[in-house]
Amino acid sequence: DVKVTQSSRYLVKRTGEKVFLECVQDMDHENMFWYRQDPGLGLRLIYFSYDVKMKEKGDIPEGYSVSREKKERFSLILESASTNQTSMYLCASSQQPPGLYGYTFGSGTRLTVV
Amino acid sequence: AQSVTQLGSHVSVSEGALVLLRCNYSSSVPPYLFWYVQYPNQGLQLLLKYTSAATLVKGINGFEAEFKKSETSFHLTKPSAHMSDAAEYFCAALSSNTGKLIFGQGTTLQVKP
């Protein structure tokens with residue numbers, strides 16, 4: 001089975017800190033995604049990547065950046081954490097084309113910014 | 001723009017009752033459609049997918065969904081609810097424009113004893 005591993009399940013950070021959320025997949029998937037999930041708003045795409053060193057903005061990229069130096073790893077960076085970035089963050093990966101197999105999700109990181 | 005609409009943000013059923021979660025999509029081309037389940041404080045897990053083979057798709061945990069092109073629907077059903085089915089359920093469709101999944105807003109299923 002494909003595994004998508006997010007390094008932390010729960011994280012508490014202070015306002016203004018630089019925060020790194022790590023995601024690793026073990027099945028050589030080309031595509032990787034970062035979503036945030038908030039009550040009543042569903043899943044919102046932050047950034048995605050179709051290949052190493054390649055990134056595209058999603059629907060809500062403001063305040064975030066990403067890094068994909070290796071195919072298996074996709075990092076989400078909060079440049080200066082703010083309280084409105086308190087959320088559940090979900091990483092996902094998929095083969096190309098994604099339609100046949102859908103996405104495989106990690107277990108999520110619940111981030112609290114205080 | 002393509003969209004996925006889940007009717008009802010909360011659905012409550014009694015244990016043993018039929019589960020019906022509704023999903024409609026907008027698409028001008030035959031879609032790829034998915035249902036995911038999310039248990040509390042977990043990621044999303046694939047329940048089932050429609051990829052233009054059989055219109056009735058069977059998934060894990062006794063769930064199934066029927067693709068109805070005339071109604072642009074892909075409703076999720078289970079004949080008899082278990083307490084362990086309480087979770088949030090997401091319908092998703094592959095966008096033919098972007099090649100990415102478009103998710104519905106989610107439906108929280110509550111199962112009463």
# chains A, B, ... in the order shown; residues from 1 in each chain; ligands from 1
>>> closest_atom_pairs(of="chain B", to="chain A", cutoff="12 Å", atoms="only C-alpha atoms", output="JSON lines")
{"residue": "B:Val4", "atom": "CA", "partner": "A:Gly42", "partner_atom": "CA", "distance": 11.6}
{"residue": "B:Thr5", "atom": "CA", "partner": "A:Gly42", "partner_atom": "CA", "distance": 11.5}
{"residue": "B:Gln6", "atom": "CA", "partner": "A:Gly42", "partner_atom": "CA", "distance": 11.0}
{"residue": "B:Gly8", "atom": "CA", "partner": "A:Gly40", "partner_atom": "CA", "distance": 11.8}
{"residue": "B:Ser9", "atom": "CA", "partner": "A:Gly40", "partner_atom": "CA", "distance": 8.5}
{"residue": "B:His10", "atom": "CA", "partner": "A:Gly40", "partner_atom": "CA", "distance": 10.9}
{"residue": "B:Pro30", "atom": "CA", "partner": "A:Gly99", "partner_atom": "CA", "distance": 11.4}
{"residue": "B:Pro31", "atom": "CA", "partner": "A:Gly99", "partner_atom": "CA", "distance": 8.7}
{"residue": "B:Tyr32", "atom": "CA", "partner": "A:Gly99", "partner_atom": "CA", "distance": 5.8}
{"residue": "B:Leu33", "atom": "CA", "partner": "A:Gly99", "partner_atom": "CA", "distance": 8.2}
{"residue": "B:Phe34", "atom": "CA", "partner": "A:Gly102", "partner_atom": "CA", "distance": 7.2}
{"residue": "B:Trp35", "atom": "CA", "partner": "A:Gly102", "partner_atom": "CA", "distance": 9.6}
{"residue": "B:Tyr36", "atom": "CA", "partner": "A:Tyr103", "partner_atom": "CA", "distance": 9.7}
{"residue": "B:Val37", "atom": "CA", "partner": "A:Phe105", "partner_atom": "CA", "distance": 10.9}
{"residue": "B:Gln38", "atom": "CA", "partner": "A:Ser107", "partner_atom": "CA", "distance": 9.5}
{"residue": "B:Tyr39", "atom": "CA", "partner": "A:Ser107", "partner_atom": "CA", "distance": 10.0}
{"residue": "B:Pro40", "atom": "CA", "partner": "A:Ser107", "partner_atom": "CA", "distance": 10.3}
{"residue": "B:Asn41", "atom": "CA", "partner": "A:Gly108", "partner_atom": "CA", "distance": 7.4}
{"residue": "B:Gln42", "atom": "CA", "partner": "A:Ser107", "partner_atom": "CA", "distance": 4.9}
{"residue": "B:Gly43", "atom": "CA", "partner": "A:Ser107", "partner_atom": "CA", "distance": 4.0}
{"residue": "B:Leu44", "atom": "CA", "partner": "A:Phe105", "partner_atom": "CA", "distance": 5.7}
{"residue": "B:Gln45", "atom": "CA", "partner": "A:Phe105", "partner_atom": "CA", "distance": 6.9}
{"residue": "B:Leu46", "atom": "CA", "partner": "A:Thr104", "partner_atom": "CA", "distance": 7.5}
{"residue": "B:Leu47", "atom": "CA", "partner": "A:Gly102", "partner_atom": "CA", "distance": 10.6}
{"residue": "B:Leu48", "atom": "CA", "partner": "A:Gly102", "partner_atom": "CA", "distance": 9.6}
{"residue": "B:Lys49", "atom": "CA", "partner": "A:Gly102", "partner_atom": "CA", "distance": 7.8}
{"residue": "B:Tyr50", "atom": "CA", "partner": "A:Leu100", "partner_atom": "CA", "distance": 8.7}
{"residue": "B:Thr51", "atom": "CA", "partner": "A:Leu100", "partner_atom": "CA", "distance": 6.5}
{"residue": "B:Ser52", "atom": "CA", "partner": "A:Leu100", "partner_atom": "CA", "distance": 9.9}
{"residue": "B:Ala53", "atom": "CA", "partner": "A:Leu100", "partner_atom": "CA", "distance": 11.3}
{"residue": "B:Glu88", "atom": "CA", "partner": "A:Gly42", "partner_atom": "CA", "distance": 10.3}
{"residue": "B:Tyr89", "atom": "CA", "partner": "A:Gly42", "partner_atom": "CA", "distance": 10.6}
{"residue": "B:Phe90", "atom": "CA", "partner": "A:Gly42", "partner_atom": "CA", "distance": 8.7}
{"residue": "B:Cys91", "atom": "CA", "partner": "A:Gly42", "partner_atom": "CA", "distance": 10.9}
{"residue": "B:Ala92", "atom": "CA", "partner": "A:Gly102", "partner_atom": "CA", "distance": 9.0}
{"residue": "B:Ala93", "atom": "CA", "partner": "A:Gly99", "partner_atom": "CA", "distance": 8.4}
{"residue": "B:Leu94", "atom": "CA", "partner": "A:Gly99", "partner_atom": "CA", "distance": 5.8}
{"residue": "B:Ser95", "atom": "CA", "partner": "A:Gly99", "partner_atom": "CA", "distance": 8.7}
{"residue": "B:Ser96", "atom": "CA", "partner": "A:Gly99", "partner_atom": "CA", "distance": 9.3}
{"residue": "B:Thr98", "atom": "CA", "partner": "A:Pro98", "partner_atom": "CA", "distance": 10.7}
{"residue": "B:Gly99", "atom": "CA", "partner": "A:Pro98", "partner_atom": "CA", "distance": 7.1}
{"residue": "B:Lys100", "atom": "CA", "partner": "A:Pro98", "partner_atom": "CA", "distance": 7.1}
{"residue": "B:Leu101", "atom": "CA", "partner": "A:Gly102", "partner_atom": "CA", "distance": 7.6}
{"residue": "B:Ile102", "atom": "CA", "partner": "A:Leu43", "partner_atom": "CA", "distance": 9.1}
{"residue": "B:Phe103", "atom": "CA", "partner": "A:Leu43", "partner_atom": "CA", "distance": 6.9}
{"residue": "B:Gly104", "atom": "CA", "partner": "A:Gly42", "partner_atom": "CA", "distance": 7.2}
{"residue": "B:Gln105", "atom": "CA", "partner": "A:Gly42", "partner_atom": "CA", "distance": 4.6}
{"residue": "B:Gly106", "atom": "CA", "partner": "A:Gly42", "partner_atom": "CA", "distance": 6.3}
{"residue": "B:Thr107", "atom": "CA", "partner": "A:Gly42", "partner_atom": "CA", "distance": 9.6}
{"residue": "B:Thr108", "atom": "CA", "partner": "A:Gly40", "partner_atom": "CA", "distance": 10.7}
>>> select_by_dssp(residues="chain A", states="strand (DSSP E or B)", output="JSON, numbers by chain")
{"A": [4, 5, 6, 10, 11, 12, 13, 19, 20, 21, 23, 24, 25, 31, 32, 33, 34, 35, 36, 37, 38, 42, 43, 44, 45, 46, 47, 48, 49, 50, 51, 54, 55, 56, 57, 64, 65, 66, 67, 68, 69, 70, 73, 74, 75, 76, 77, 78, 87, 88, 89, 90, 91, 92, 93, 94, 104, 105, 109, 110, 111, 112, 113]}
>>> select_by_dssp(residues="chain B", states="helix (DSSP H, G or I)", output="list in words")
Ile60, Asn61, Gly62, Met83, Ser84 and Asp85 of chain B
>>> write_last_selection(atoms="C-alpha atoms", output="PDB file, in the first residue's frame")
ATOM      1  CA  ILE B  60     -14.868  -0.902   1.421  1.00  0.00           C
ATOM      2  CA  ASN B  61     -16.887  -1.333   4.615  1.00  0.00           C
ATOM      3  CA  GLY B  62     -20.077  -2.272   2.743  1.00  0.00           C
ATOM      4  CA  MET B  83     -21.769   3.026  14.837  1.00  0.00           C
ATOM      5  CA  SER B  84     -18.282   2.815  13.341  1.00  0.00           C
ATOM      6  CA  ASP B  85     -19.545   4.538  10.160  1.00  0.00           C
TER       7      ASP B  85
END
>>> closest_residue(among="B:Ala81, B:Val111, B:Ala54, B:Ala87", to="Ala17 of chain B", atoms="only C-alpha atoms")
B:Ala81
>>> atom_distance(atom1="atom CA of Gln85 of chain A", atom2="atom CA of Gly58 of chain A")
15.8 Å
>>> residues_around(residues="Phe63 of chain B", least_positions_apart="2", cutoff="7 Å", atoms="only C-alpha atoms", output="VMD selection string")
chain B and resid 58 to 61 76 to 78
>>> write_last_selection(atoms="N, CA and C atoms", output="mmCIF file, in the first residue's frame")
data_model
loop_
_atom_site.group_PDB
_atom_site.id
_atom_site.type_symbol
_atom_site.label_atom_id
_atom_site.label_comp_id
_atom_site.auth_asym_id
_atom_site.auth_seq_id
_atom_site.Cartn_x
_atom_site.Cartn_y
_atom_site.Cartn_z
ATOM 1 N N LYS B 58 -18.733 -0.840 -5.914
ATOM 2 C CA LYS B 58 -18.675 -1.310 -4.531
ATOM 3 C C LYS B 58 -17.350 -0.897 -3.907
ATOM 4 N N GLY B 59 -17.432 -0.475 -2.655
ATOM 5 C CA GLY B 59 -16.226 -0.035 -1.965
ATOM 6 C C GLY B 59 -15.992 -0.819 -0.693
ATOM 7 N N ILE B 60 -15.193 -0.236 0.165
ATOM 8 C CA ILE B 60 -14.868 -0.902 1.421
ATOM 9 C C ILE B 60 -15.965 -0.673 2.448
ATOM 10 N N ASN B 61 -15.971 -1.491 3.484
ATOM 11 C CA ASN B 61 -16.887 -1.333 4.615
ATOM 12 C C ASN B 61 -18.363 -1.400 4.230
ATOM 13 N N LEU B 76 -23.817 7.930 -2.400
ATOM 14 C CA LEU B 76 -23.189 6.853 -1.608
ATOM 15 C C LEU B 76 -24.243 6.205 -0.711
ATOM 16 N N THR B 77 -24.273 4.893 -0.688
ATOM 17 C CA THR B 77 -25.255 4.192 0.143
ATOM 18 C C THR B 77 -24.610 3.046 0.904
ATOM 19 N N LYS B 78 -25.287 2.682 1.992
ATOM 20 C CA LYS B 78 -24.943 1.484 2.748
ATOM 21 C C LYS B 78 -26.248 0.969 3.355
#
>>> closest_residue(among="B:Ser80, B:Asn97, B:Ser73, B:Thr55", to="Leu7 of chain B", atoms="only C-alpha atoms")
B:Ser73
>>> residues_around(residues="Ser12 of chain B", least_positions_apart="3", cutoff="8 Å", atoms="only C-alpha atoms", output="list in words")
Leu109, Gln110, Val111 and Lys112 of chain B
>>> write_last_selection(atoms="C-alpha atoms", output="mmCIF file, in the first residue's frame")
data_model
loop_
_atom_site.group_PDB
_atom_site.id
_atom_site.type_symbol
_atom_site.label_atom_id
_atom_site.label_comp_id
_atom_site.auth_asym_id
_atom_site.auth_seq_id
_atom_site.Cartn_x
_atom_site.Cartn_y
_atom_site.Cartn_z
ATOM 1 C CA LEU B 109 -22.631 11.208 9.209
ATOM 2 C CA GLN B 110 -23.954 10.682 12.717
ATOM 3 C CA VAL B 111 -25.125 7.199 13.718
ATOM 4 C CA LYS B 112 -27.462 6.992 16.690
#
>>> decode(residues="segment 13-62 of chain B", atoms="C-alpha atoms", output="PDB file, in the first residue's frame")
ATOM      1  CA  VAL B  13     -29.365   7.873  10.927  1.00  0.00           C
ATOM      2  CA  SER B  14     -30.131   5.172  13.446  1.00  0.00           C
ATOM      3  CA  GLU B  15     -27.927   2.141  13.731  1.00  0.00           C
ATOM      4  CA  GLY B  16     -29.137  -0.455  11.236  1.00  0.00           C
ATOM      5  CA  ALA B  17     -30.853   2.102   8.995  1.00  0.00           C
ATOM      6  CA  LEU B  18     -30.035   2.876   5.379  1.00  0.00           C
ATOM      7  CA  VAL B  19     -27.289   5.398   4.788  1.00  0.00           C
ATOM      8  CA  LEU B  20     -27.695   7.738   1.800  1.00  0.00           C
ATOM      9  CA  LEU B  21     -25.215  10.530   1.186  1.00  0.00           C
ATOM     10  CA  ARG B  22     -25.871  12.649  -1.870  1.00  0.00           C
ATOM     11  CA  CYS B  23     -23.365  13.975  -4.376  1.00  0.00           C
ATOM     12  CA  ASN B  24     -23.935  15.826  -7.639  1.00  0.00           C
ATOM     13  CA  TYR B  25     -21.254  16.928 -10.030  1.00  0.00           C
ATOM     14  CA  SER B  26     -21.063  19.227 -12.988  1.00  0.00           C
ATOM     15  CA  SER B  27     -19.086  17.991 -15.912  1.00  0.00           C
ATOM     16  CA  SER B  28     -19.286  18.095 -19.679  1.00  0.00           C
ATOM     17  CA  VAL B  29     -17.211  14.961 -20.066  1.00  0.00           C
ATOM     18  CA  PRO B  30     -17.450  11.513 -18.478  1.00  0.00           C
ATOM     19  CA  PRO B  31     -16.020  12.036 -15.043  1.00  0.00           C
ATOM     20  CA  TYR B  32     -13.813  10.195 -12.659  1.00  0.00           C
ATOM     21  CA  LEU B  33     -15.607  10.229  -9.299  1.00  0.00           C
ATOM     22  CA  PHE B  34     -14.518   9.288  -5.807  1.00  0.00           C
ATOM     23  CA  TRP B  35     -15.836   8.980  -2.284  1.00  0.00           C
ATOM     24  CA  TYR B  36     -13.508   9.445   0.667  1.00  0.00           C
ATOM     25  CA  VAL B  37     -14.103   8.942   4.387  1.00  0.00           C
ATOM     26  CA  GLN B  38     -12.401  10.826   7.194  1.00  0.00           C
ATOM     27  CA  TYR B  39     -12.541   9.568  10.759  1.00  0.00           C
ATOM     28  CA  PRO B  40     -11.872  12.079  13.556  1.00  0.00           C
ATOM     29  CA  ASN B  41      -8.341  13.458  13.526  1.00  0.00           C
ATOM     30  CA  GLN B  42      -7.373  11.291  10.568  1.00  0.00           C
ATOM     31  CA  GLY B  43      -6.596  11.849   6.915  1.00  0.00           C
ATOM     32  CA  LEU B  44      -8.941  10.936   4.079  1.00  0.00           C
ATOM     33  CA  GLN B  45      -9.279   7.292   3.081  1.00  0.00           C
ATOM     34  CA  LEU B  46     -10.548   6.184  -0.322  1.00  0.00           C
ATOM     35  CA  LEU B  47     -13.914   4.391  -0.068  1.00  0.00           C
ATOM     36  CA  LEU B  48     -14.567   3.791  -3.747  1.00  0.00           C
ATOM     37  CA  LYS B  49     -14.079   5.227  -7.216  1.00  0.00           C
ATOM     38  CA  TYR B  50     -15.914   5.353 -10.524  1.00  0.00           C
ATOM     39  CA  THR B  51     -13.746   5.253 -13.621  1.00  0.00           C
ATOM     40  CA  SER B  52     -16.327   4.588 -16.379  1.00  0.00           C
ATOM     41  CA  ALA B  53     -16.561   0.825 -15.959  1.00  0.00           C
ATOM     42  CA  ALA B  54     -19.635  -0.459 -14.073  1.00  0.00           C
ATOM     43  CA  THR B  55     -22.115   2.204 -12.972  1.00  0.00           C
ATOM     44  CA  LEU B  56     -22.588   0.534  -9.587  1.00  0.00           C
ATOM     45  CA  VAL B  57     -19.350   0.663  -7.674  1.00  0.00           C
ATOM     46  CA  LYS B  58     -18.675  -1.310  -4.531  1.00  0.00           C
ATOM     47  CA  GLY B  59     -16.226  -0.035  -1.965  1.00  0.00           C
ATOM     48  CA  ILE B  60     -14.868  -0.902   1.421  1.00  0.00           C
ATOM     49  CA  ASN B  61     -16.887  -1.333   4.615  1.00  0.00           C
ATOM     50  CA  GLY B  62     -20.077  -2.272   2.743  1.00  0.00           C
TER      51      GLY B  62
END
